[in-house]
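*Asks:* Below is start.cif; it holds mmCIF, N, CA and C atoms.
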```
data_upload
#
loop_
_atom_site.group_PDB
_atom_site.id
_atom_site.type_symbol
_atom_site.label_atom_id
_atom_site.label_comp_id
_atom_site.auth_asym_id
_atom_site.auth_seq_id
_atom_site.Cartn_x
_atom_site.Cartn_y
_atom_site.Cartn_z
ATOM 1 N N MET A 1 91.344 -1.648 51.486
ATOM 2 C CA MET A 1 90.818 -2.971 51.271
ATOM 3 C C MET A 1 90.356 -3.507 52.627
ATOM 4 N N MET A 2 89.210 -4.153 52.597
ATOM 5 C CA MET A 2 88.660 -4.723 53.821
ATOM 6 C C MET A 2 88.474 -6.219 53.618
ATOM 7 N N ILE A 3 88.905 -6.983 54.598
ATOM 8 C CA ILE A 3 88.764 -8.437 54.549
ATOM 9 C C ILE A 3 87.833 -8.848 55.673
ATOM 10 N N LYS A 4 86.877 -9.692 55.326
ATOM 11 C CA LYS A 4 85.870 -10.104 56.297
ATOM 12 C C LYS A 4 85.826 -11.628 56.338
ATOM 13 N N VAL A 5 85.856 -12.185 57.540
ATOM 14 C CA VAL A 5 85.723 -13.632 57.711
ATOM 15 C C VAL A 5 84.237 -13.953 57.658
ATOM 16 N N VAL A 6 83.834 -14.722 56.654
ATOM 17 C CA VAL A 6 82.425 -15.024 56.441
ATOM 18 C C VAL A 6 82.019 -16.302 57.173
ATOM 19 N N ARG A 7 82.905 -17.276 57.204
ATOM 20 C CA ARG A 7 82.561 -18.554 57.786
ATOM 21 C C ARG A 7 83.730 -19.048 58.631
ATOM 22 N N GLY A 8 83.456 -19.668 59.736
ATOM 23 C CA GLY A 8 84.494 -20.234 60.590
ATOM 24 C C GLY A 8 84.954 -19.252 61.657
ATOM 25 N N ASN A 9 85.863 -19.705 62.458
ATOM 26 C CA ASN A 9 86.391 -18.893 63.544
ATOM 27 C C ASN A 9 87.910 -19.076 63.568
ATOM 28 N N PRO A 10 88.645 -18.330 62.721
ATOM 29 C CA PRO A 10 90.086 -18.524 62.648
ATOM 30 C C PRO A 10 90.781 -18.012 63.904
ATOM 31 N N THR A 11 91.888 -18.687 64.220
ATOM 32 C CA THR A 11 92.707 -18.223 65.341
ATOM 33 C C THR A 11 93.472 -16.986 64.882
ATOM 34 N N PRO A 12 93.985 -16.213 65.804
ATOM 35 C CA PRO A 12 94.770 -15.038 65.390
ATOM 36 C C PRO A 12 95.963 -15.405 64.498
ATOM 37 N N GLU A 13 96.577 -16.581 64.735
ATOM 38 C CA GLU A 13 97.706 -17.004 63.909
ATOM 39 C C GLU A 13 97.255 -17.329 62.486
ATOM 40 N N GLU A 14 96.123 -18.014 62.352
ATOM 41 C CA GLU A 14 95.599 -18.341 61.032
ATOM 42 C C GLU A 14 95.222 -17.082 60.262
ATOM 43 N N LEU A 15 94.608 -16.152 60.940
ATOM 44 C CA LEU A 15 94.223 -14.895 60.305
ATOM 45 C C LEU A 15 95.455 -14.102 59.883
ATOM 46 N N ALA A 16 96.488 -14.095 60.721
ATOM 47 C CA ALA A 16 97.725 -13.388 60.383
ATOM 48 C C ALA A 16 98.400 -14.036 59.175
ATOM 49 N N ALA A 17 98.371 -15.370 59.096
ATOM 50 C CA ALA A 17 98.977 -16.059 57.956
ATOM 51 C C ALA A 17 98.219 -15.746 56.670
ATOM 52 N N ALA A 18 96.906 -15.742 56.733
ATOM 53 C CA ALA A 18 96.110 -15.438 55.546
ATOM 54 C C ALA A 18 96.342 -13.994 55.089
ATOM 55 N N LEU A 19 96.411 -13.080 56.022
ATOM 56 C CA LEU A 19 96.645 -11.680 55.667
ATOM 57 C C LEU A 19 98.048 -11.472 55.104
ATOM 58 N N ALA A 20 99.019 -12.229 55.616
ATOM 59 C CA ALA A 20 100.380 -12.118 55.094
ATOM 60 C C ALA A 20 100.439 -12.559 53.630
ATOM 61 N N VAL A 21 99.701 -13.610 53.294
ATOM 62 C CA VAL A 21 99.672 -14.083 51.903
ATOM 63 C C VAL A 21 99.009 -13.044 51.004
ATOM 64 N N VAL A 22 97.904 -12.497 51.446
ATOM 65 C CA VAL A 22 97.199 -11.486 50.648
ATOM 66 C C VAL A 22 98.076 -10.252 50.470
ATOM 67 N N GLN A 23 98.754 -9.853 51.519
ATOM 68 C CA GLN A 23 99.620 -8.675 51.450
ATOM 69 C C GLN A 23 100.809 -8.916 50.522
ATOM 70 N N ALA A 24 101.389 -10.108 50.582
ATOM 71 C CA ALA A 24 102.522 -10.422 49.707
ATOM 72 C C ALA A 24 102.095 -10.446 48.244
ATOM 73 N N ARG A 25 100.930 -10.999 47.959
ATOM 74 C CA ARG A 25 100.439 -11.029 46.574
ATOM 75 C C ARG A 25 100.175 -9.614 46.062
ATOM 76 N N ALA A 26 99.615 -8.764 46.921
ATOM 77 C CA ALA A 26 99.333 -7.390 46.513
ATOM 78 C C ALA A 26 100.633 -6.632 46.266
ATOM 79 N N ALA A 27 101.643 -6.863 47.093
ATOM 80 C CA ALA A 27 102.931 -6.180 46.908
ATOM 81 C C ALA A 27 103.613 -6.659 45.631
ATOM 82 N N ALA A 28 103.525 -7.942 45.333
ATOM 83 C CA ALA A 28 104.143 -8.476 44.113
ATOM 84 C C ALA A 28 103.452 -7.938 42.868
ATOM 85 N N ALA A 29 102.156 -7.745 42.941
ATOM 86 C CA ALA A 29 101.414 -7.244 41.786
ATOM 87 C C ALA A 29 101.757 -5.787 41.492
ATOM 88 N N THR A 30 102.103 -5.018 42.495
ATOM 89 C CA THR A 30 102.411 -3.609 42.274
ATOM 90 C C THR A 30 103.853 -3.386 41.872
ATOM 91 N N THR A 31 104.771 -4.290 42.219
ATOM 92 C CA THR A 31 106.180 -4.070 41.887
ATOM 93 C C THR A 31 106.491 -4.437 40.447
ATOM 94 N N ALA A 32 105.864 -5.454 39.905
ATOM 95 C CA ALA A 32 106.129 -5.858 38.526
ATOM 96 C C ALA A 32 105.060 -5.279 37.609
ATOM 97 N N PRO A 33 105.468 -4.440 36.652
ATOM 98 C CA PRO A 33 104.468 -3.909 35.724
ATOM 99 C C PRO A 33 103.898 -5.024 34.861
ATOM 100 N N PRO A 34 102.634 -4.940 34.523
ATOM 101 C CA PRO A 34 102.031 -6.003 33.713
ATOM 102 C C PRO A 34 102.694 -6.089 32.347
ATOM 103 N N GLY A 35 102.937 -7.301 31.914
ATOM 104 C CA GLY A 35 103.554 -7.519 30.616
ATOM 105 C C GLY A 35 105.048 -7.257 30.600
ATOM 106 N N ALA A 36 105.691 -7.213 31.765
ATOM 107 C CA ALA A 36 107.127 -6.975 31.810
ATOM 108 C C ALA A 36 107.861 -8.170 31.234
ATOM 109 N N ALA A 37 108.776 -7.898 30.357
ATOM 110 C CA ALA A 37 109.536 -8.971 29.718
ATOM 111 C C ALA A 37 110.635 -9.449 30.655
ATOM 112 N N VAL A 38 110.822 -10.740 30.674
ATOM 113 C CA VAL A 38 111.892 -11.318 31.471
ATOM 114 C C VAL A 38 113.147 -11.349 30.613
ATOM 115 N N THR A 39 114.210 -10.719 31.081
ATOM 116 C CA THR A 39 115.437 -10.691 30.309
ATOM 117 C C THR A 39 116.295 -11.893 30.672
ATOM 118 N N ARG A 40 116.889 -12.485 29.661
ATOM 119 C CA ARG A 40 117.771 -13.613 29.889
ATOM 120 C C ARG A 40 119.202 -13.117 30.002
ATOM 121 N N ASP A 41 119.989 -13.823 30.781
ATOM 122 C CA ASP A 41 121.396 -13.490 30.870
ATOM 123 C C ASP A 41 122.074 -13.759 29.533
ATOM 124 N N ALA A 42 123.145 -13.046 29.275
ATOM 125 C CA ALA A 42 123.839 -13.186 28.003
ATOM 126 C C ALA A 42 124.434 -14.575 27.831
ATOM 127 N N TRP A 43 124.887 -15.184 28.897
ATOM 128 C CA TRP A 43 125.507 -16.509 28.771
ATOM 129 C C TRP A 43 124.501 -17.577 28.383
ATOM 130 N N ALA A 44 123.213 -17.346 28.621
ATOM 131 C CA ALA A 44 122.186 -18.325 28.292
ATOM 132 C C ALA A 44 121.609 -18.115 26.895
ATOM 133 N N ASP A 45 122.055 -17.108 26.196
ATOM 134 C CA ASP A 45 121.510 -16.795 24.883
ATOM 135 C C ASP A 45 122.162 -17.683 23.817
ATOM 136 N N PRO A 46 121.388 -18.521 23.121
ATOM 137 C CA PRO A 46 121.991 -19.387 22.113
ATOM 138 C C PRO A 46 122.571 -18.612 20.932
ATOM 139 N N ALA A 47 122.097 -17.412 20.682
ATOM 140 C CA ALA A 47 122.632 -16.627 19.577
ATOM 141 C C ALA A 47 124.079 -16.214 19.837
ATOM 142 N N ARG A 48 124.452 -16.110 21.110
ATOM 143 C CA ARG A 48 125.833 -15.755 21.445
ATOM 144 C C ARG A 48 126.795 -16.829 20.937
ATOM 145 N N LEU A 49 126.434 -18.088 21.119
ATOM 146 C CA LEU A 49 127.278 -19.176 20.635
ATOM 147 C C LEU A 49 127.294 -19.227 19.112
ATOM 148 N N ALA A 50 126.169 -18.949 18.504
ATOM 149 C CA ALA A 50 126.089 -19.013 17.051
ATOM 150 C C ALA A 50 126.935 -17.917 16.406
ATOM 151 N N GLN A 51 127.091 -16.782 17.069
ATOM 152 C CA GLN A 51 127.902 -15.706 16.501
ATOM 153 C C GLN A 51 129.367 -16.113 16.428
ATOM 154 N N ALA A 52 129.801 -16.909 17.386
ATOM 155 C CA ALA A 52 131.189 -17.362 17.380
ATOM 156 C C ALA A 52 131.420 -18.425 16.316
ATOM 157 N N ARG A 53 130.364 -19.125 15.912
ATOM 158 C CA ARG A 53 130.494 -20.207 14.929
ATOM 159 C C ARG A 53 129.696 -19.880 13.672
ATOM 160 N N ARG A 54 129.904 -18.721 13.143
ATOM 161 C CA ARG A 54 129.171 -18.318 11.932
ATOM 162 C C ARG A 54 129.454 -19.281 10.795
ATOM 163 N N PRO A 55 128.454 -19.592 10.006
ATOM 164 C CA PRO A 55 128.679 -20.493 8.873
ATOM 165 C C PRO A 55 129.673 -19.898 7.893
ATOM 166 N N SER A 56 130.580 -20.710 7.490
ATOM 167 C CA SER A 56 131.541 -20.283 6.481
ATOM 168 C C SER A 56 131.347 -21.167 5.255
ATOM 169 N N PRO A 57 131.688 -20.666 4.089
ATOM 170 C CA PRO A 57 131.510 -21.476 2.888
ATOM 171 C C PRO A 57 132.324 -22.773 2.972
ATOM 172 N N GLY A 58 131.746 -23.821 2.494
ATOM 173 C CA GLY A 58 132.445 -25.092 2.494
ATOM 174 C C GLY A 58 131.465 -26.238 2.334
ATOM 175 N N PRO A 59 131.970 -27.441 2.256
ATOM 176 C CA PRO A 59 131.097 -28.586 2.013
ATOM 177 C C PRO A 59 130.144 -28.906 3.163
ATOM 178 N N THR A 60 130.445 -28.471 4.391
ATOM 179 C CA THR A 60 129.560 -28.777 5.530
ATOM 180 C C THR A 60 128.752 -27.568 5.982
ATOM 181 N N SER A 61 128.758 -26.495 5.236
ATOM 182 C CA SER A 61 128.058 -25.288 5.669
ATOM 183 C C SER A 61 126.544 -25.469 5.696
ATOM 184 N N TRP A 62 126.008 -26.418 4.950
ATOM 185 C CA TRP A 62 124.563 -26.656 4.953
ATOM 186 C C TRP A 62 124.080 -27.101 6.335
ATOM 187 N N ALA A 63 124.930 -27.743 7.124
ATOM 188 C CA ALA A 63 124.521 -28.249 8.435
ATOM 189 C C ALA A 63 124.317 -27.126 9.445
ATOM 190 N N ARG A 64 124.859 -25.946 9.174
ATOM 191 C CA ARG A 64 124.743 -24.835 10.124
ATOM 192 C C ARG A 64 123.739 -23.789 9.676
ATOM 193 N N THR A 65 122.927 -24.081 8.702
ATOM 194 C CA THR A 65 122.001 -23.080 8.180
ATOM 195 C C THR A 65 120.861 -22.778 9.128
ATOM 196 N N TYR A 66 120.577 -23.638 10.088
ATOM 197 C CA TYR A 66 119.467 -23.393 11.005
ATOM 198 C C TYR A 66 119.873 -22.545 12.190
ATOM 199 N N TRP A 67 121.143 -22.222 12.368
ATOM 200 C CA TRP A 67 121.606 -21.433 13.501
ATOM 201 C C TRP A 67 121.042 -20.023 13.427
ATOM 202 N N PRO A 68 120.721 -19.437 14.591
ATOM 203 C CA PRO A 68 120.240 -18.046 14.577
ATOM 204 C C PRO A 68 121.341 -17.089 14.157
ATOM 205 N N ALA A 69 120.957 -15.996 13.548
ATOM 206 C CA ALA A 69 121.940 -15.037 13.064
ATOM 207 C C ALA A 69 122.492 -14.167 14.155
#
```
Mind turning this structure into structure tokens?

*Replies:*
Amino acid sequence: MMIKVVRGNPTPEELAAALAVVQARAAAATTAPPGAAVTRDAWADPARLAQARRPSPGPTSWARTYWPA
């Protein structure tokens, strides 16, 4: 890859900062495969709580029908 300054006269520090950003973006794009799913921790999963409180037959069981299985 070649980078060319088209306009302006950047200082060496400015050019180094710009190249560092481009390099970091390129490295991030190669480490994560496209479409990689983000996994949630088990403690943050609402289904974990619902499994402990499974609906049981009774007069108030209708209130828990929306819980995930």

*Asks:* Report as JSON the centre and the edge lengths, in Å to one decimal, of the axis-aligned box holding every listed atom of region 27-32 of chain A, padded by 5 Å on each side.

*Replies:*
```
{"center_x": 104.0, "center_y": -5.9, "center_z": 42.4, "size_x": 15.1, "size_y": 15.1, "size_z": 19.5}
```

*Asks:* Quick one: pull the distance between atom C of Thr30 (chain A) and CA of Glu13 (chain A), Å, one decimal.

*Replies:* 26.6 Å

*Asks:* Would you compute the distance between CA of Ala26 (chain A) and atom N of Ile3 (chain A)? Give it in Å to one decimal.

*Replies:*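 Between these atoms lies a distance of 13.2 Å.
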
*Asks:* Output region 7-26 of chain A with N, CA, C and O atoms present, as a compact mmCIF listing (two decimals), keeping the file's coordinate frame.

*Replies:*
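Done, and the output landed in rebuild-v2.txt:
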```
# COMPACT_ATOMS: atom_id res chain seq x y z
N ARG A 7 82.90 -17.28 57.20
CA ARG A 7 82.56 -18.55 57.79
C ARG A 7 83.73 -19.05 58.63
O ARG A 7 84.88 -18.90 58.27
N GLY A 8 83.46 -19.67 59.74
CA GLY A 8 84.49 -20.23 60.59
C GLY A 8 84.95 -19.25 61.66
O GLY A 8 84.48 -18.12 61.75
N ASN A 9 85.86 -19.70 62.46
CA ASN A 9 86.39 -18.89 63.54
C ASN A 9 87.91 -19.08 63.57
O ASN A 9 88.43 -19.89 64.32
N PRO A 10 88.64 -18.33 62.72
CA PRO A 10 90.09 -18.52 62.65
C PRO A 10 90.78 -18.01 63.90
O PRO A 10 90.33 -17.06 64.55
N THR A 11 91.89 -18.69 64.22
CA THR A 11 92.71 -18.22 65.34
C THR A 11 93.47 -16.99 64.88
O THR A 11 93.59 -16.72 63.67
N PRO A 12 93.98 -16.21 65.80
CA PRO A 12 94.77 -15.04 65.39
C PRO A 12 95.96 -15.40 64.50
O PRO A 12 96.31 -14.66 63.58
N GLU A 13 96.58 -16.58 64.74
CA GLU A 13 97.71 -17.00 63.91
C GLU A 13 97.26 -17.33 62.49
O GLU A 13 97.93 -17.00 61.51
N GLU A 14 96.12 -18.01 62.35
CA GLU A 14 95.60 -18.34 61.03
C GLU A 14 95.22 -17.08 60.26
O GLU A 14 95.48 -16.96 59.06
N LEU A 15 94.61 -16.15 60.94
CA LEU A 15 94.22 -14.90 60.30
C LEU A 15 95.46 -14.10 59.88
O LEU A 15 95.49 -13.53 58.78
N ALA A 16 96.49 -14.10 60.72
CA ALA A 16 97.72 -13.39 60.38
C ALA A 16 98.40 -14.04 59.18
O ALA A 16 98.92 -13.34 58.30
N ALA A 17 98.37 -15.37 59.10
CA ALA A 17 98.98 -16.06 57.96
C ALA A 17 98.22 -15.75 56.67
O ALA A 17 98.83 -15.50 55.62
N ALA A 18 96.91 -15.74 56.73
CA ALA A 18 96.11 -15.44 55.55
C ALA A 18 96.34 -13.99 55.09
O ALA A 18 96.47 -13.72 53.88
N LEU A 19 96.41 -13.08 56.02
CA LEU A 19 96.64 -11.68 55.67
C LEU A 19 98.05 -11.47 55.10
O LEU A 19 98.24 -10.64 54.21
N ALA A 20 99.02 -12.23 55.62
CA ALA A 20 100.38 -12.12 55.09
C ALA A 20 100.44 -12.56 53.63
O ALA A 20 101.13 -11.94 52.81
N VAL A 21 99.70 -13.61 53.29
CA VAL A 21 99.67 -14.08 51.90
C VAL A 21 99.01 -13.04 51.00
O VAL A 21 99.50 -12.73 49.92
N VAL A 22 97.90 -12.50 51.45
CA VAL A 22 97.20 -11.49 50.65
C VAL A 22 98.08 -10.25 50.47
O VAL A 22 98.16 -9.68 49.37
N GLN A 23 98.75 -9.85 51.52
CA GLN A 23 99.62 -8.68 51.45
C GLN A 23 100.81 -8.92 50.52
O GLN A 23 101.19 -8.04 49.74
N ALA A 24 101.39 -10.11 50.58
CA ALA A 24 102.52 -10.42 49.71
C ALA A 24 102.10 -10.45 48.24
O ALA A 24 102.83 -9.97 47.37
N ARG A 25 100.93 -11.00 47.96
CA ARG A 25 100.44 -11.03 46.57
C ARG A 25 100.18 -9.61 46.06
O ARG A 25 100.46 -9.30 44.91
N ALA A 26 99.62 -8.76 46.92
CA ALA A 26 99.33 -7.39 46.51
C ALA A 26 100.63 -6.63 46.27
O ALA A 26 100.74 -5.85 45.31
```
